[in-house]
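S.K.: Pasting a structure here, questions to come.
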Amino acid sequence: MSVEKVVVVGSGPAGLTAAVYAARAALEPLMFEGFNAGGLIPGGQLMYTTEVENYPGFPDGVTGPVLMKAFRDQAERFGTRYIREDVNEIDLSKRPFTVKSDEHTVETHALIIATGARANWLGIENEQRLAQSGGGVSACAVCDGAMPAYRDQELVVIGGGDSAIEEGSYLTKFASKVHLVHRRDQLRASKAMQERFFKLVDEGKMQPQWNSIVVDVLGDTAITGVQIKDVKSEAVRELPCRGLFLAIGHTPNTELFQGQLELDDKRYLKLTQPGTSYTSIEGVFAAGDVADHVYRQAVTAAGTGCMAAIDAERWLASQGIE
Ligand code: NDP
């Protein structure tokens, strides 16, 4: 078996940008695109986004799938090879590293991990249907919130952490009111975020719905409201809204690396040298949301993908592998 110079795992903005840079550095990257990892199709989370309006260079916006196809074509143009399969085993205990999918076993000197993170969803059927059809259900207010359909409408955010407050307060710029549905009556969010939230409540821009969970999402092609249940009284009522934004956390796709690479307390890959893509094993680099629970944007993922490819290229050169 010939040994690859660099294998990239994951085909979102981070992985594909790493592939563009690695390919242009003549490293002939091999990418495992994934097939349905964590419920995600190849291309990562942007494949679930309709209009992307904050990716620089697209003044009129671009859809997630169109953007990801452009990334993929660009990486292919410089020689990236693709395997459209999920990786189901990685062995980092000896060099070269081994990466396995159902149909392929590959050895590689360097590995770029860009497996991303998946937004947590409630798992309600109507939630998934309306999210996938662009019917007003999203797990990213920053990506989808500025759509004309949400202007001057009542919107719902679920969650009580920093993301829920940040996304909710962002939505107040457009919405007539943002309801925060939280399963307890105390926020998990930091003190500063809580202060921001209660100020917006005082201004009538946000409205808490304490001790409440969403039990159903209403609407055929576009959301018309949610059914919420009071967890104390068990009473169920309808809350009309034109948009639903989930902010109940993300799960990094690090299951393959547990016990091999250092993870942080939230199970994201730990970067061992600040300002680089280095992980706890030399020759293994991380890019994108798999190592970032703070920014989580396509453009930051692409930026760290570029860093990972440059780090990999330099590391390979330092090992005498050109
Ligand atoms: P968190 O895990 O902090 O919060 C998730 C929230 O969702 C919690 O309030 C939780 O409720 C609720 N929740 C979880 N599962 C369910 C469910 N099934 N149904 C209903 N509610 C649910 O995630 P965040 O994304 O908010 O934050 C992640 C990390 O990123 C944190 O460290 C945060 O500080 C950081 N961050 C920082 C920001 C900033 O500083 N600007 C902005 C955004 C994130 P409960 O509280 O009951 O557990």
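Residue numbering restarts at 1 in every chain; chains get A, B, ... in the order shown in the structure tokens, and ligands count up from 1 in that same order.
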Step by step, measure atom-to-atom distances between ligand 1 and each residue using only C-alpha atoms and all ligand atoms, keep those at most 8 Å, then write them as a ChimeraX atom specification.
M.R.: /A:120-122,158-166,182-184,186-190,193,213-214,247-250,293-295
S.K.: Give me every helix (DSSP H, G or I) residue in stretch 138-225 of chain A, going by DSSP on the backbone, as a list in words.
M.R.: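 Here are the helix (DSSP H, G or I) residues of stretch 138-225 of chain A: Ala141, Val142, Cys143, Asp144, Pro148, Ala149, Tyr150, Asp162, Ser163, Ala164, Ile165, Glu166, Glu167, Gly168, Ser169, Tyr170, Leu171, Lys191, Ala192, Met193, Gln194, Glu195, Arg196, Phe197, Phe198, Lys199, Leu200, Val201 and Asp202 of chain A.
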S.K.: With stretch 20-36 of chain A as the partner and 12 Å as the cut-off, tabulate the residues of stretch 98-168 of chain A that qualify, each row holding the nearest pair of atoms and their distance in Å to one decimal, using only C-alpha atoms, sorted by chain and rising number, as a Markdown table.
M.R.:
```
| residue | atom | partner | partner_atom | distance |
| --- | --- | --- | --- | --- |
| A:Val99 | CA | A:Phe32 | CA | 9.3 |
| A:Lys100 | CA | A:Phe32 | CA | 9.6 |
| A:Ser101 | CA | A:Phe32 | CA | 8.6 |
| A:Asp102 | CA | A:Phe35 | CA | 11.1 |
| A:Glu103 | CA | A:Phe32 | CA | 11.4 |
| A:His104 | CA | A:Phe32 | CA | 9.9 |
| A:Thr105 | CA | A:Phe32 | CA | 11.1 |
| A:Val106 | CA | A:Leu30 | CA | 9.4 |
| A:Glu107 | CA | A:Leu30 | CA | 10.6 |
| A:Thr108 | CA | A:Leu30 | CA | 9.4 |
| A:His109 | CA | A:Leu27 | CA | 10.9 |
| A:Ala110 | CA | A:Pro29 | CA | 9.9 |
| A:Leu111 | CA | A:Pro29 | CA | 9.7 |
| A:Ile112 | CA | A:Met31 | CA | 9.3 |
| A:Ile113 | CA | A:Phe32 | CA | 10.1 |
| A:Ala114 | CA | A:Glu33 | CA | 9.9 |
| A:Thr115 | CA | A:Gly34 | CA | 8.6 |
| A:Gly116 | CA | A:Gly34 | CA | 11.1 |
| A:Arg118 | CA | A:Asn36 | CA | 11.8 |
```
S.K.: Selected residues, N, CA and C atoms, written as a CSV table (one decimal), in the first residue's frame, please.
M.R.:
```
chain,number,residue,atom,x,y,z
A,99,VAL,N,-6.3,5.0,8.3
A,99,VAL,CA,-7.7,5.5,8.2
A,99,VAL,C,-8.5,4.5,7.4
A,100,LYS,N,-9.6,4.1,8.1
A,100,LYS,CA,-10.4,3.0,7.4
A,100,LYS,C,-11.8,3.5,7.2
A,101,SER,N,-12.4,3.1,6.1
A,101,SER,CA,-13.8,3.2,5.8
A,101,SER,C,-14.3,1.8,5.5
A,102,ASP,N,-15.6,1.7,5.1
A,102,ASP,CA,-16.0,0.3,4.8
A,102,ASP,C,-15.2,-0.3,3.6
A,103,GLU,N,-14.9,0.6,2.6
A,103,GLU,CA,-14.3,0.0,1.4
A,103,GLU,C,-12.8,0.3,1.3
A,104,HIS,N,-12.3,1.2,2.1
A,104,HIS,CA,-10.9,1.6,1.9
A,104,HIS,C,-10.1,1.5,3.2
A,105,THR,N,-8.8,1.2,3.1
A,105,THR,CA,-7.9,1.3,4.2
A,105,THR,C,-6.7,2.1,3.6
A,106,VAL,N,-6.4,3.2,4.3
A,106,VAL,CA,-5.4,4.1,3.7
A,106,VAL,C,-4.3,4.4,4.8
A,107,GLU,N,-3.1,4.5,4.4
A,107,GLU,CA,-2.1,4.9,5.3
A,107,GLU,C,-1.6,6.3,5.0
A,108,THR,N,-1.3,7.1,6.0
A,108,THR,CA,-0.9,8.5,5.7
A,108,THR,C,0.1,9.0,6.7
A,109,HIS,N,1.0,9.9,6.2
A,109,HIS,CA,1.9,10.5,7.1
A,109,HIS,C,1.3,11.6,7.9
A,110,ALA,N,0.4,12.4,7.3
A,110,ALA,CA,-0.2,13.5,8.1
A,110,ALA,C,-1.7,13.4,7.9
A,111,LEU,N,-2.4,13.9,8.9
A,111,LEU,CA,-3.9,13.8,8.9
A,111,LEU,C,-4.4,15.2,9.3
A,112,ILE,N,-5.4,15.6,8.5
A,112,ILE,CA,-6.1,16.9,8.9
A,112,ILE,C,-7.6,16.5,9.3
A,113,ILE,N,-7.9,16.8,10.5
A,113,ILE,CA,-9.2,16.4,11.0
A,113,ILE,C,-10.2,17.6,10.8
A,114,ALA,N,-11.2,17.5,10.1
A,114,ALA,CA,-12.2,18.6,9.9
A,114,ALA,C,-13.6,18.0,9.9
A,115,THR,N,-13.8,17.2,10.9
A,115,THR,CA,-15.1,16.4,11.0
A,115,THR,C,-16.2,17.3,11.5
A,116,GLY,N,-15.9,18.5,12.0
A,116,GLY,CA,-17.0,19.4,12.3
A,116,GLY,C,-17.7,19.1,13.6
A,118,ARG,N,-22.0,18.8,15.1
A,118,ARG,CA,-23.4,18.8,14.7
A,118,ARG,C,-24.2,19.6,15.7
```
S.K.: Leaving out A:Ile223 and any residue of its chain fewer than 4 positions from it, which residues lie within 12 Å of it when counting only C-alpha atoms, given as a PyMOL selection string?
M.R.: chain A and resi 126-131+133-138+149-150+153-156+216-219+227+239-245
S.K.: Select, from A:Met147, A:Ala302, A:Leu256, A:Ala222, the residue with the minimum atom-to-atom distance to A:Asn88, counting only C-alpha atoms.
M.R.: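 So, comparing all the options, the nearest one is A:Leu256.
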S.K.: Given the choices A:Ser176, A:Val231, A:Val9, A:Leu67, which gets closest to A:Val290 if the distance is worked out from only C-alpha atoms?
M.R.: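 Selected residue with least distance to A:Val290: A:Val9.
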S.K.: Do you have the atom CA of A:Phe257-atom CA of A:Cys143 distance handy?
M.R.: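 One can read the atom CA of A:Phe257 to atom CA of A:Cys143 distance as 28.7 Å.
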S.K.: Report as a PyMOL selection string all protein, DNA and RNA residues lying within 10 Å of A:Met307, evaluated on only C-alpha atoms, omitting residues in the same chain fewer than 4 positions from it.
M.R.: chain A and resi 14+17-18+21+275-278+285-287+301-303+311-313
S.K.: To one decimal in Å, tell me the separation between atom CA of A:Pro208 and atom CA of A:His179.
M.R.: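 That distance, rounded to one decimal, is 5.7 Å.
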S.K.: Which residue gives the smallest distance to A:Gly145 among A:Ala117, A:Val284, A:Leu271, A:Glu51, with only C-alpha atoms counted?
M.R.: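 Counting only C-alpha atoms, the residue closest to A:Gly145 is A:Glu51.
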